[in-house]
Every structure is written in C-alpha cells, then in structure tokens.
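*Asks:* If it helps, the file is called input.txt and holds compact mmCIF, C-alpha atoms and all ligand atoms:
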# COMPACT_ATOMS: atom_id res chain seq x y z
CA MET A 1 55.23 20.82 143.35
CA ILE A 2 57.76 23.41 142.18
CA ASP A 3 55.01 24.99 140.14
CA LEU A 4 52.77 25.10 143.23
CA ILE A 5 55.59 26.67 145.30
CA LYS A 6 55.92 29.42 142.72
CA ARG A 7 52.18 30.02 142.42
CA LEU A 8 51.44 30.18 146.16
CA PRO A 9 51.04 33.70 147.54
CA LYS A 10 53.59 34.05 150.32
CA ALA A 11 54.66 36.23 153.23
CA GLU A 12 58.27 36.82 154.26
CA LEU A 13 59.02 37.60 157.91
CA HIS A 14 62.82 37.51 158.07
CA LEU A 15 64.60 39.58 155.45
CA HIS A 16 67.46 42.00 156.05
CA ILE A 17 67.14 44.70 153.43
CA GLU A 18 70.93 45.18 153.42
CA GLY A 19 71.17 41.46 152.67
CA SER A 20 69.24 41.93 149.45
CA LEU A 21 72.03 44.07 147.96
CA GLU A 22 72.93 42.25 144.75
CA PRO A 23 76.50 42.64 143.46
CA GLU A 24 75.23 44.50 140.38
CA LEU A 25 73.64 47.21 142.53
CA MET A 26 76.69 47.24 144.80
CA PHE A 27 78.88 48.14 141.81
CA LYS A 28 76.38 50.71 140.53
CA LEU A 29 76.15 52.46 143.91
CA ALA A 30 79.91 52.29 144.50
CA LYS A 31 80.38 54.14 141.22
CA ARG A 32 77.57 56.62 141.86
CA ASN A 33 78.93 57.46 145.33
CA ASN A 34 82.61 57.17 144.49
CA ILE A 35 83.19 54.46 147.12
CA GLN A 36 86.03 51.94 146.85
CA ILE A 37 84.99 48.29 147.10
CA PRO A 38 87.43 45.38 147.42
CA TYR A 39 86.21 43.59 144.26
CA LYS A 40 87.27 43.79 140.60
CA ASN A 41 84.04 42.49 139.11
CA ILE A 42 80.79 40.64 139.83
CA GLU A 43 82.46 37.25 139.62
CA ASP A 44 85.02 38.38 142.16
CA VAL A 45 82.19 39.35 144.54
CA ARG A 46 80.43 36.02 144.16
CA ASN A 47 83.71 34.18 144.80
CA ALA A 48 84.08 36.08 148.08
CA TYR A 49 80.70 34.74 149.24
CA ASN A 50 82.13 31.60 150.70
CA PHE A 51 81.38 31.62 154.41
CA SER A 52 82.51 29.45 157.30
CA ASN A 53 80.14 30.81 159.97
CA LEU A 54 77.96 33.82 160.82
CA GLN A 55 80.86 36.16 161.60
CA SER A 56 82.66 35.48 158.32
CA PHE A 57 79.46 36.54 156.54
CA LEU A 58 78.82 39.61 158.69
CA ASP A 59 82.29 41.01 157.92
CA ILE A 60 81.50 40.96 154.20
CA TYR A 61 77.88 42.06 154.64
CA TYR A 62 78.79 45.20 156.62
CA ALA A 63 81.50 46.08 154.07
CA GLY A 64 78.90 45.75 151.28
CA ALA A 65 76.51 48.11 153.06
CA ASN A 66 79.13 50.89 152.85
CA VAL A 67 77.99 51.74 149.31
CA LEU A 68 74.58 52.87 150.65
CA ILE A 69 74.75 56.63 151.18
CA THR A 70 71.71 58.57 149.98
CA LYS A 71 67.97 58.25 150.43
CA GLN A 72 67.81 57.25 146.75
CA ASP A 73 70.26 54.37 147.44
CA PHE A 74 68.02 52.96 150.17
CA CYS A 75 65.00 53.45 147.94
CA ASP A 76 66.71 51.66 145.00
CA LEU A 77 67.83 48.81 147.27
CA THR A 78 64.32 48.31 148.61
CA HIS A 79 62.78 48.67 145.16
CA GLU A 80 64.99 45.87 143.81
CA TYR A 81 63.90 43.60 146.66
CA ILE A 82 60.26 44.44 145.89
CA LEU A 83 60.81 43.31 142.29
CA LYS A 84 62.02 39.98 143.74
CA CYS A 85 58.84 39.85 145.84
CA VAL A 86 56.81 40.18 142.66
CA GLU A 87 58.86 37.39 141.05
CA ASN A 88 58.47 35.17 144.13
CA ASN A 89 54.79 35.90 144.70
CA ILE A 90 55.46 37.51 148.09
CA ILE A 91 52.39 39.59 148.86
CA HIS A 92 53.40 40.66 152.37
CA THR A 93 56.89 41.30 153.70
CA GLU A 94 58.32 42.34 157.06
CA ILE A 95 61.70 43.97 156.46
CA PHE A 96 64.59 44.27 158.90
CA PHE A 97 67.02 47.14 158.67
CA ASP A 98 70.18 47.82 160.69
CA PRO A 99 70.23 51.59 161.38
CA GLN A 100 73.51 51.43 163.30
CA SER A 101 75.48 50.12 160.33
CA HIS A 102 74.55 53.38 158.58
CA THR A 103 74.42 55.96 161.38
CA SER A 104 77.92 54.81 162.44
CA ARG A 105 79.10 56.00 158.98
CA GLY A 106 77.46 59.40 159.33
CA ILE A 107 74.27 58.56 157.40
CA SER A 108 71.20 59.91 159.17
CA PHE A 109 68.46 57.65 160.49
CA GLU A 110 66.02 59.75 158.50
CA THR A 111 67.87 59.15 155.19
CA VAL A 112 67.68 55.39 155.71
CA ILE A 113 64.08 55.09 156.81
CA THR A 114 62.62 57.57 154.34
CA GLY A 115 64.37 55.81 151.44
CA ILE A 116 63.02 52.42 152.51
CA LYS A 117 59.55 53.83 153.15
CA GLU A 118 59.32 55.47 149.76
CA ALA A 119 59.98 52.18 147.98
CA LEU A 120 57.48 50.35 150.23
CA ALA A 121 54.77 52.91 149.52
CA ASP A 122 55.43 52.42 145.81
CA ALA A 123 55.25 48.61 146.31
CA LYS A 124 51.78 48.96 147.80
CA GLU A 125 50.59 51.28 145.08
CA LYS A 126 52.07 49.46 142.06
CA TYR A 127 51.90 45.83 143.14
CA GLY A 128 49.53 45.74 146.16
CA ILE A 129 52.37 44.36 148.32
CA THR A 130 51.90 45.12 152.01
CA SER A 131 54.84 45.48 154.37
CA CYS A 132 56.11 46.58 157.70
CA ILE A 133 59.51 47.64 158.98
CA ILE A 134 61.47 46.06 161.83
CA MET A 135 64.44 47.96 163.21
CA CYS A 136 67.24 45.74 164.51
CA PHE A 137 69.84 46.59 167.15
CA LEU A 138 73.32 45.29 166.40
CA ARG A 139 74.11 43.01 169.32
CA HIS A 140 77.91 43.32 168.98
CA LEU A 141 77.48 46.99 169.99
CA SER A 142 76.55 48.22 173.46
CA GLN A 143 73.10 48.60 174.97
CA GLU A 144 73.88 52.32 175.27
CA ASP A 145 74.29 52.50 171.50
CA ALA A 146 70.99 50.62 171.09
CA PHE A 147 69.30 53.20 173.35
CA LYS A 148 70.58 56.01 171.09
CA THR A 149 69.09 54.19 168.12
CA LEU A 150 65.77 53.65 169.87
CA ASN A 151 65.62 57.37 170.70
CA GLN A 152 66.24 58.23 167.04
CA ALA A 153 63.46 55.83 166.05
CA LEU A 154 60.92 57.56 168.27
CA SER A 155 60.54 60.33 165.67
CA PHE A 156 59.51 57.63 163.16
CA LYS A 157 57.40 55.54 165.49
CA SER A 158 54.48 55.21 163.13
CA ASP A 159 56.79 53.80 160.42
CA ILE A 160 58.37 51.09 162.55
CA THR A 161 56.31 48.13 163.74
CA ALA A 162 58.84 46.16 165.75
CA VAL A 163 62.37 46.10 167.06
CA GLY A 164 64.70 43.14 166.65
CA LEU A 165 68.20 42.00 167.54
CA ASP A 166 70.77 40.76 165.04
CA SER A 167 74.51 40.51 164.22
CA SER A 168 77.12 38.41 166.08
CA GLU A 169 75.19 36.09 168.35
CA LEU A 170 77.88 34.18 170.23
CA GLY A 171 79.01 36.16 173.27
CA ASN A 172 76.18 38.69 172.95
CA PRO A 173 73.24 37.12 174.80
CA PRO A 174 69.77 38.70 174.73
CA LYS A 175 69.98 39.83 178.37
CA LYS A 176 72.63 42.39 177.34
CA PHE A 177 69.66 44.31 175.84
CA GLU A 178 67.08 43.80 178.61
CA GLU A 179 66.56 47.49 179.41
CA VAL A 180 66.36 48.74 175.84
CA PHE A 181 63.82 46.07 174.91
CA LYS A 182 61.82 47.04 178.01
CA LYS A 183 61.73 50.63 176.82
CA ALA A 184 60.84 49.57 173.26
CA LYS A 185 57.92 47.56 174.65
CA GLU A 186 56.73 50.52 176.72
CA GLN A 187 56.84 52.62 173.56
CA GLY A 188 54.49 50.17 171.85
CA PHE A 189 56.91 48.36 169.52
CA LYS A 190 56.45 44.67 168.88
CA LEU A 191 59.53 42.61 169.71
CA VAL A 192 61.53 39.94 167.89
CA ALA A 193 65.13 38.70 168.21
CA HIS A 194 67.60 36.44 166.45
CA ALA A 195 68.17 33.58 168.89
CA GLY A 196 69.42 30.03 168.57
CA GLU A 197 70.96 30.55 165.15
CA GLU A 198 74.43 29.49 166.30
CA ALA A 199 74.13 29.88 170.08
CA ASP A 200 72.59 27.40 172.51
CA VAL A 201 69.02 27.24 173.82
CA SER A 202 69.81 29.53 176.77
CA TYR A 203 69.74 32.40 174.25
CA ILE A 204 66.24 31.39 173.16
CA TYR A 205 65.01 31.19 176.75
CA GLU A 206 66.47 34.63 177.44
CA ALA A 207 64.91 36.12 174.33
CA LEU A 208 61.53 34.77 175.45
CA ASP A 209 61.72 35.38 179.19
CA VAL A 210 63.97 38.43 179.52
CA LEU A 211 63.25 40.36 176.30
CA GLU A 212 59.67 39.07 176.05
CA ILE A 213 59.80 38.68 172.29
CA GLN A 214 56.85 37.56 170.15
CA ARG A 215 58.79 35.75 167.41
CA ILE A 216 62.13 33.95 167.37
CA ASP A 217 64.33 34.61 164.35
CA HIS A 218 66.04 31.32 163.39
CA GLY A 219 65.60 29.27 166.58
CA VAL A 220 66.82 26.08 164.93
CA GLN A 221 68.87 25.12 168.00
CA SER A 222 65.59 24.63 169.92
CA ILE A 223 65.70 20.98 168.97
CA LYS A 224 68.45 20.45 171.55
CA SER A 225 65.99 20.89 174.45
CA ASP A 226 62.88 18.73 174.88
CA GLU A 227 61.55 21.16 177.44
CA LEU A 228 61.90 24.13 175.06
CA MET A 229 60.36 22.18 172.18
CA LYS A 230 57.32 21.41 174.35
CA ARG A 231 56.94 25.05 175.29
CA LEU A 232 57.33 26.34 171.71
CA LYS A 233 54.69 23.87 170.60
CA LYS A 234 52.29 24.70 173.41
CA GLU A 235 52.62 28.47 172.97
CA GLN A 236 52.91 28.27 169.15
CA ILE A 237 55.72 30.83 169.20
CA PRO A 238 56.72 31.49 165.59
CA LEU A 239 60.21 30.57 164.38
CA THR A 240 61.39 32.46 161.29
CA VAL A 241 63.70 29.81 159.85
CA CYS A 242 66.09 30.65 156.99
CA PRO A 243 67.21 27.41 155.33
CA ASN A 244 69.60 28.70 152.65
CA SER A 245 71.22 30.96 155.25
CA ASN A 246 71.73 28.03 157.65
CA ILE A 247 73.43 26.02 154.91
CA GLU A 248 75.62 28.88 153.66
CA LEU A 249 76.69 29.79 157.22
CA LYS A 250 77.38 26.12 158.07
CA VAL A 251 74.79 25.85 160.83
CA PHE A 252 74.02 22.51 159.15
CA GLU A 253 76.53 20.62 157.05
CA ASN A 254 74.18 20.21 154.12
CA TYR A 255 70.51 20.48 153.20
CA LYS A 256 69.73 16.89 154.12
CA GLU A 257 70.83 17.68 157.68
CA HIS A 258 68.50 20.67 158.06
CA ASN A 259 66.02 20.15 160.90
CA ILE A 260 63.04 22.21 159.65
CA LYS A 261 60.99 19.12 158.74
CA LYS A 262 61.56 17.71 162.25
CA LEU A 263 60.47 21.02 163.81
CA LEU A 264 57.40 21.08 161.60
CA ASP A 265 56.48 17.44 162.27
CA TYR A 266 56.80 18.07 166.01
CA GLY A 267 54.12 20.76 165.67
CA LEU A 268 56.12 23.97 165.95
CA ASN A 269 54.97 27.15 164.25
CA VAL A 270 57.73 27.25 161.63
CA THR A 271 58.05 29.69 158.70
CA VAL A 272 60.46 29.84 155.74
CA ASN A 273 62.43 32.98 154.93
CA SER A 274 65.40 34.13 152.87
CA ASP A 275 67.42 36.20 155.46
CA ASP A 276 70.07 37.73 153.14
CA PRO A 277 69.12 36.40 149.71
CA ALA A 278 71.77 38.27 147.70
CA TYR A 279 74.44 36.50 149.77
CA PHE A 280 72.79 33.10 150.25
CA LYS A 281 72.05 31.96 146.71
CA GLY A 282 68.40 32.72 146.31
CA TYR A 283 65.15 34.30 147.29
CA LEU A 284 62.13 32.79 149.00
CA ASN A 285 60.99 30.38 146.28
CA GLN A 286 64.49 28.95 146.04
CA ASN A 287 64.46 28.26 149.80
CA PHE A 288 61.20 26.33 149.42
CA ILE A 289 62.44 24.47 146.35
CA ASN A 290 65.67 23.44 148.11
CA LEU A 291 63.67 22.19 151.10
CA TYR A 292 61.28 20.29 148.87
CA GLU A 293 64.08 18.66 146.89
CA ASN A 294 66.20 17.69 149.91
CA LEU A 295 63.76 16.96 152.70
CA GLU A 296 60.81 15.47 150.86
CA LEU A 297 58.33 18.03 152.08
CA SER A 298 54.77 17.10 151.21
CA LYS A 299 52.23 19.44 149.63
CA GLU A 300 50.60 19.75 153.08
CA ASP A 301 53.96 20.71 154.63
CA ILE A 302 54.45 23.48 152.09
CA ILE A 303 50.94 24.83 152.58
CA THR A 304 51.34 24.75 156.36
CA LEU A 305 54.63 26.67 156.12
CA VAL A 306 53.07 29.28 153.86
CA LYS A 307 50.00 29.70 156.06
CA ASN A 308 52.15 29.87 159.21
CA SER A 309 53.89 32.95 157.77
CA PHE A 310 50.65 34.84 157.27
CA ASN A 311 49.36 33.77 160.68
CA SER A 312 52.60 34.78 162.40
CA SER A 313 52.86 38.14 160.65
CA PHE A 314 52.08 41.49 162.24
CA ILE A 315 49.13 42.21 159.95
CA ASP A 316 45.60 42.54 161.36
CA GLU A 317 43.26 39.57 161.59
CA LYS A 318 41.06 40.70 158.71
CA LEU A 319 43.95 40.94 156.26
CA LYS A 320 45.33 37.61 157.52
CA LYS A 321 42.02 35.96 156.62
CA GLU A 322 42.02 37.61 153.21
CA TYR A 323 45.55 36.39 152.49
CA ILE A 324 44.88 32.86 153.74
CA SER A 325 41.86 32.66 151.45
CA LYS A 326 44.13 33.68 148.55
CA VAL A 327 46.33 30.71 149.46
CA ASP A 328 43.32 28.40 149.59
CA LYS A 329 42.28 29.47 146.11
CA VAL A 330 45.63 28.34 144.65
CA ILE A 331 45.73 24.92 146.31
N1 LIG A 401 71.66 35.62 159.66
C1 LIG A 401 71.95 36.69 160.39
N2 LIG A 401 72.20 36.54 161.71
C2 LIG A 401 72.51 37.59 162.47
N3 LIG A 401 72.59 38.83 162.00
C3 LIG A 401 72.35 39.03 160.69
N4 LIG A 401 72.37 40.14 159.97
C4 LIG A 401 72.06 39.82 158.70
N5 LIG A 401 71.87 38.50 158.61
C5 LIG A 401 72.03 37.98 159.84
ZN ZN A 402 68.60 37.29 159.99
Would you write the structure of this file as structure tokens?
*Replies:*
Amino acid sequence: MIDLIKRLPKAELHLHIEGSLEPELMFKLAKRNNIQIPYKNIEDVRNAYNFSNLQSFLDIYYAGANVLITKQDFCDLTHEYILKCVENNIIHTEIFFDPQSHTSRGISFETVITGIKEALADAKEKYGITSCIIMCFLRHLSQEDAFKTLNQALSFKSDITAVGLDSSELGNPPKKFEEVFKKAKEQGFKLVAHAGEEADVSYIYEALDVLEIQRIDHGVQSIKSDELMKRLKKEQIPLTVCPNSNIELKVFENYKEHNIKKLLDYGLNVTVNSDDPAYFKGYLNQNFINLYENLELSKEDIITLVKNSFNSSFIDEKLKKEYISKVDKVI
C-alpha cells in the first residue's frame, strides 16, 4: 500500500508556502540577507518545533518567514516545494501565501507574488505541474488591513485564484471578515477559509453562511454537530484536512485519535494535505502513510481521498477528468 501511495498522482489543496521553509533554506537565506535567527544550527531549529497548539506554532512560523526578503528568496522557497511535489508525485497544487506577514516588514506585494509565480511557471515547464495561488488574510489582524491587502492584490488579479483566511483562529471568527470577503467575491475570487481547526462548529457555519466559502480548510471539528455533518455530506463541501498538522498542533492527542476515517466513512468530501510540511514532519506522502499505518485505511479509502482532491480543486472539468484518468491508470 505504501508503494501505491507513492505511485498515485496527487493534488494538494492546503499548503502554506511559508510553511515549506526547511531549516536548511532558512539558514541559507538568513546568511544571504544578513538576518539574525534565534537558532545555532539545524538541530536547534528542529528542537524548537515542539508545539502545544496553533498559536505556539504560528509564533515560530512568522519568525521563520523573516528571512524571506527578495523575489529570488520567494522563488527559491517555491522551487524547493516544487521539488517535493516531484518527489511526492503531486501533479497539481494550490498554494496559500500570507502577503501581510511580508508587507508588514516592508516587502512589497509584487516581490512576493512575482517570486512565487516565477517558480510555478518553471514547475509547469520543467515538470508539467499545474498550480494556482490562494492569498490568505491573517485573521489576527483587522478587516481594514485585509482590505488593504485585497486592494494590492487587484493589480495581480489574474495570478490569484482565490482568497483564504488563516492564522490565529480562536477569538477571530469568520464574520470579522464579512465585508472583505464580499468584495473579494464581487471581484471574482474564489473563496476558502480555515475553520474548525481548533474553534467550534459556529466558525464553520459562519465561514459557509457569512463568508460564502467554497472549501473548508481543516474542518475537523465538524464531527461535533450532527446537523453540520448532514449538511456537509449533502452539499459535498470539500474539507482540506491536514493530519500531520493536527497531530503536531495537538488538535488530536495522537494519530489513532484522528477522525478523518470517520469523516470519510460518513460520506464527507475529505482531502489530505500537508499544511506546513517543513514544520510538521513530512510532506503529502508521509501524511497518507501515517494515516494508513494508524487508521487502517483501505486501498479504496486512499483512492477516494486522492480523487476527492482533484475533484475539489479549482482546475477546469477537462483537466480534472485527465488527472482522474491518470489515477485510474495507476490503480
Ligand atoms: N494550520 C494553520 N492554521 C492557521 N493558520 C496557519 N498558517 C499556517 N498554517 C496554519
Ligand atoms: Zn493551513
């Protein structure tokens, strides 16, 4: 089964590009840009990756992103993730980026997006990997700040497929961003949001009914409401679940406690994703392998999860069919 997991062509729908910053590149960029980082060596960095909840991770994740300064840095970061896509047989990826964690440090929106875009164009040309970009608003900041970011994005509208919402969930409910999501929708962006990662189901309802999102990022708390589960099943709203992340951030005590198999068996449209793989001990294949080894996923479960990702992606129907037939050829 592990061999099948590795051979299956896959899509990834929940990946923060800043969360793919490996310690080796962090050190290289810190040196190149003359930035101080609070670690002596790679081992020291890995030892610091010991999280108790989402916030304890975010503090370290934002500090890590401080080494990203130039267009070349963003291009190198994205290029390294693309090499992981090749290794993991990811043929389509939908990448989140957090413009505000860079613009707040004086880095221009243009620097960030053009660096990412350059590496993604290269990924298509060299490896045939398709992609799209999702811009996330940081929910611990104000809606006004999110509006500024949306206005900056309008100059790059053709490069950005969707807007999302990430960062500290508790205390920052989706409705805080109602107006900015409304404007993003009017401007033609697709909409997603992190909801129900740590916070209760009211955040998922708000993301669906107030922000009018098309996909829920995480959503694992849905299981606490029968009514919500019925709706998610009926409407087949995709959940981009990130198992390693949930374990590392203590959403579940251990892998055996993870509820993805229950969500899948209930009939929800669940997908598997790596979230911040450089911080959470592994890329997409490792997430699948951990699920297989701990939750006794069947071959059918794995194929369903893989197909769900293609079907829930933002690619057109023709390409979806082409990718699904690639999956069928491997089975
Ligand atoms: N898992 C996560 N939840 C919320 N915001 C994030 N930013 C990066 N990873 C995140
Ligand atoms: Zn995430």
*Asks:* Once you count all atoms listed in the file, what closest atom pair and distance in Å to one decimal does each residue of chain A within 9 Å of ligand ZN 402 (chain A) have, with rows by chain and rising residue number, as a Markdown table?
*Replies:*
| residue | atom | partner | partner_atom | distance |
| --- | --- | --- | --- | --- |
| A:His14 | CA | A:ZN402 | ZN | 6.1 |
| A:Leu15 | CA | A:ZN402 | ZN | 6.5 |
| A:His16 | CA | A:ZN402 | ZN | 6.2 |
| A:Gly19 | CA | A:ZN402 | ZN | 8.8 |
| A:Phe96 | CA | A:ZN402 | ZN | 8.1 |
| A:Leu165 | CA | A:ZN402 | ZN | 8.9 |
| A:Asp166 | CA | A:ZN402 | ZN | 6.5 |
| A:Ser167 | CA | A:ZN402 | ZN | 7.9 |
| A:His194 | CA | A:ZN402 | ZN | 6.6 |
| A:Glu197 | CA | A:ZN402 | ZN | 8.8 |
| A:Asp217 | CA | A:ZN402 | ZN | 6.7 |
| A:His218 | CA | A:ZN402 | ZN | 7.3 |
| A:Thr240 | CA | A:ZN402 | ZN | 8.8 |
| A:Val241 | CA | A:ZN402 | ZN | 8.9 |
| A:Cys242 | CA | A:ZN402 | ZN | 7.7 |
| A:Ser245 | CA | A:ZN402 | ZN | 8.3 |
| A:Ser274 | CA | A:ZN402 | ZN | 8.4 |
| A:Asp275 | CA | A:ZN402 | ZN | 4.8 |
| A:Asp276 | CA | A:ZN402 | ZN | 7.0 |
*Asks:* Rounded to one decimal in Å, what is the spacing between atom CA of A:Gly115 and atom CA of A:Asp73?
*Replies:*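 For atom CA of A:Gly115 relative to atom CA of A:Asp73, the distance reads 7.3 Å.
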*Asks:* Specify the axis-aligned box that encloses all atoms of ligand LIG 401 (chain A) listed in the file after padding of 6 Å on each side, stating its centre and edge lengths in Å to one decimal as AutoDock Vina command-line options.
*Replies:*
--center_x 72.1 --center_y 37.9 --center_z 160.5 --size_x 12.9 --size_y 16.5 --size_z 15.9
*Asks:* Which residues, written as an NGL selection string, have at least one atom at most 10 Å from A:Ile113, with only C-alpha atoms counted and residues fewer than 4 positions away on the same chain left out?
*Replies:* :A and (71 or 74-75 or 97 or 99 or 108-109 or 117-118 or 133 or 135 or 153 or 156 or 159-160)
*Asks:* Which is closer to ligand LIG 401 (chain A) than all the others in A:Phe288, A:Tyr61, A:Phe189, A:Tyr283, using all atoms listed in the file?
*Replies:*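 Between A:Phe288, A:Tyr61, A:Phe189, A:Tyr283, the residue approaching ligand LIG 401 (chain A) most closely is A:Tyr61.
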*Asks:* Residues proximal to (53.6, 21.3, 149.4) were defined as those with any atom within 10 Å of that point in the file's coordinates, counting all atoms listed in the file. Which are they, as a ChimeraX atom specification?
*Replies:* /A:1-2,4-5,8,288-289,292,296-306,331
*Asks:* Looking at all atoms listed in the file, which of A:Tyr81, A:Phe280, A:Phe27, A:Phe177 is the one that sits closest to ligand LIG 401 (chain A)?
*Replies:*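 Closest to ligand LIG 401 (chain A), using all atoms listed in the file: A:Phe280.
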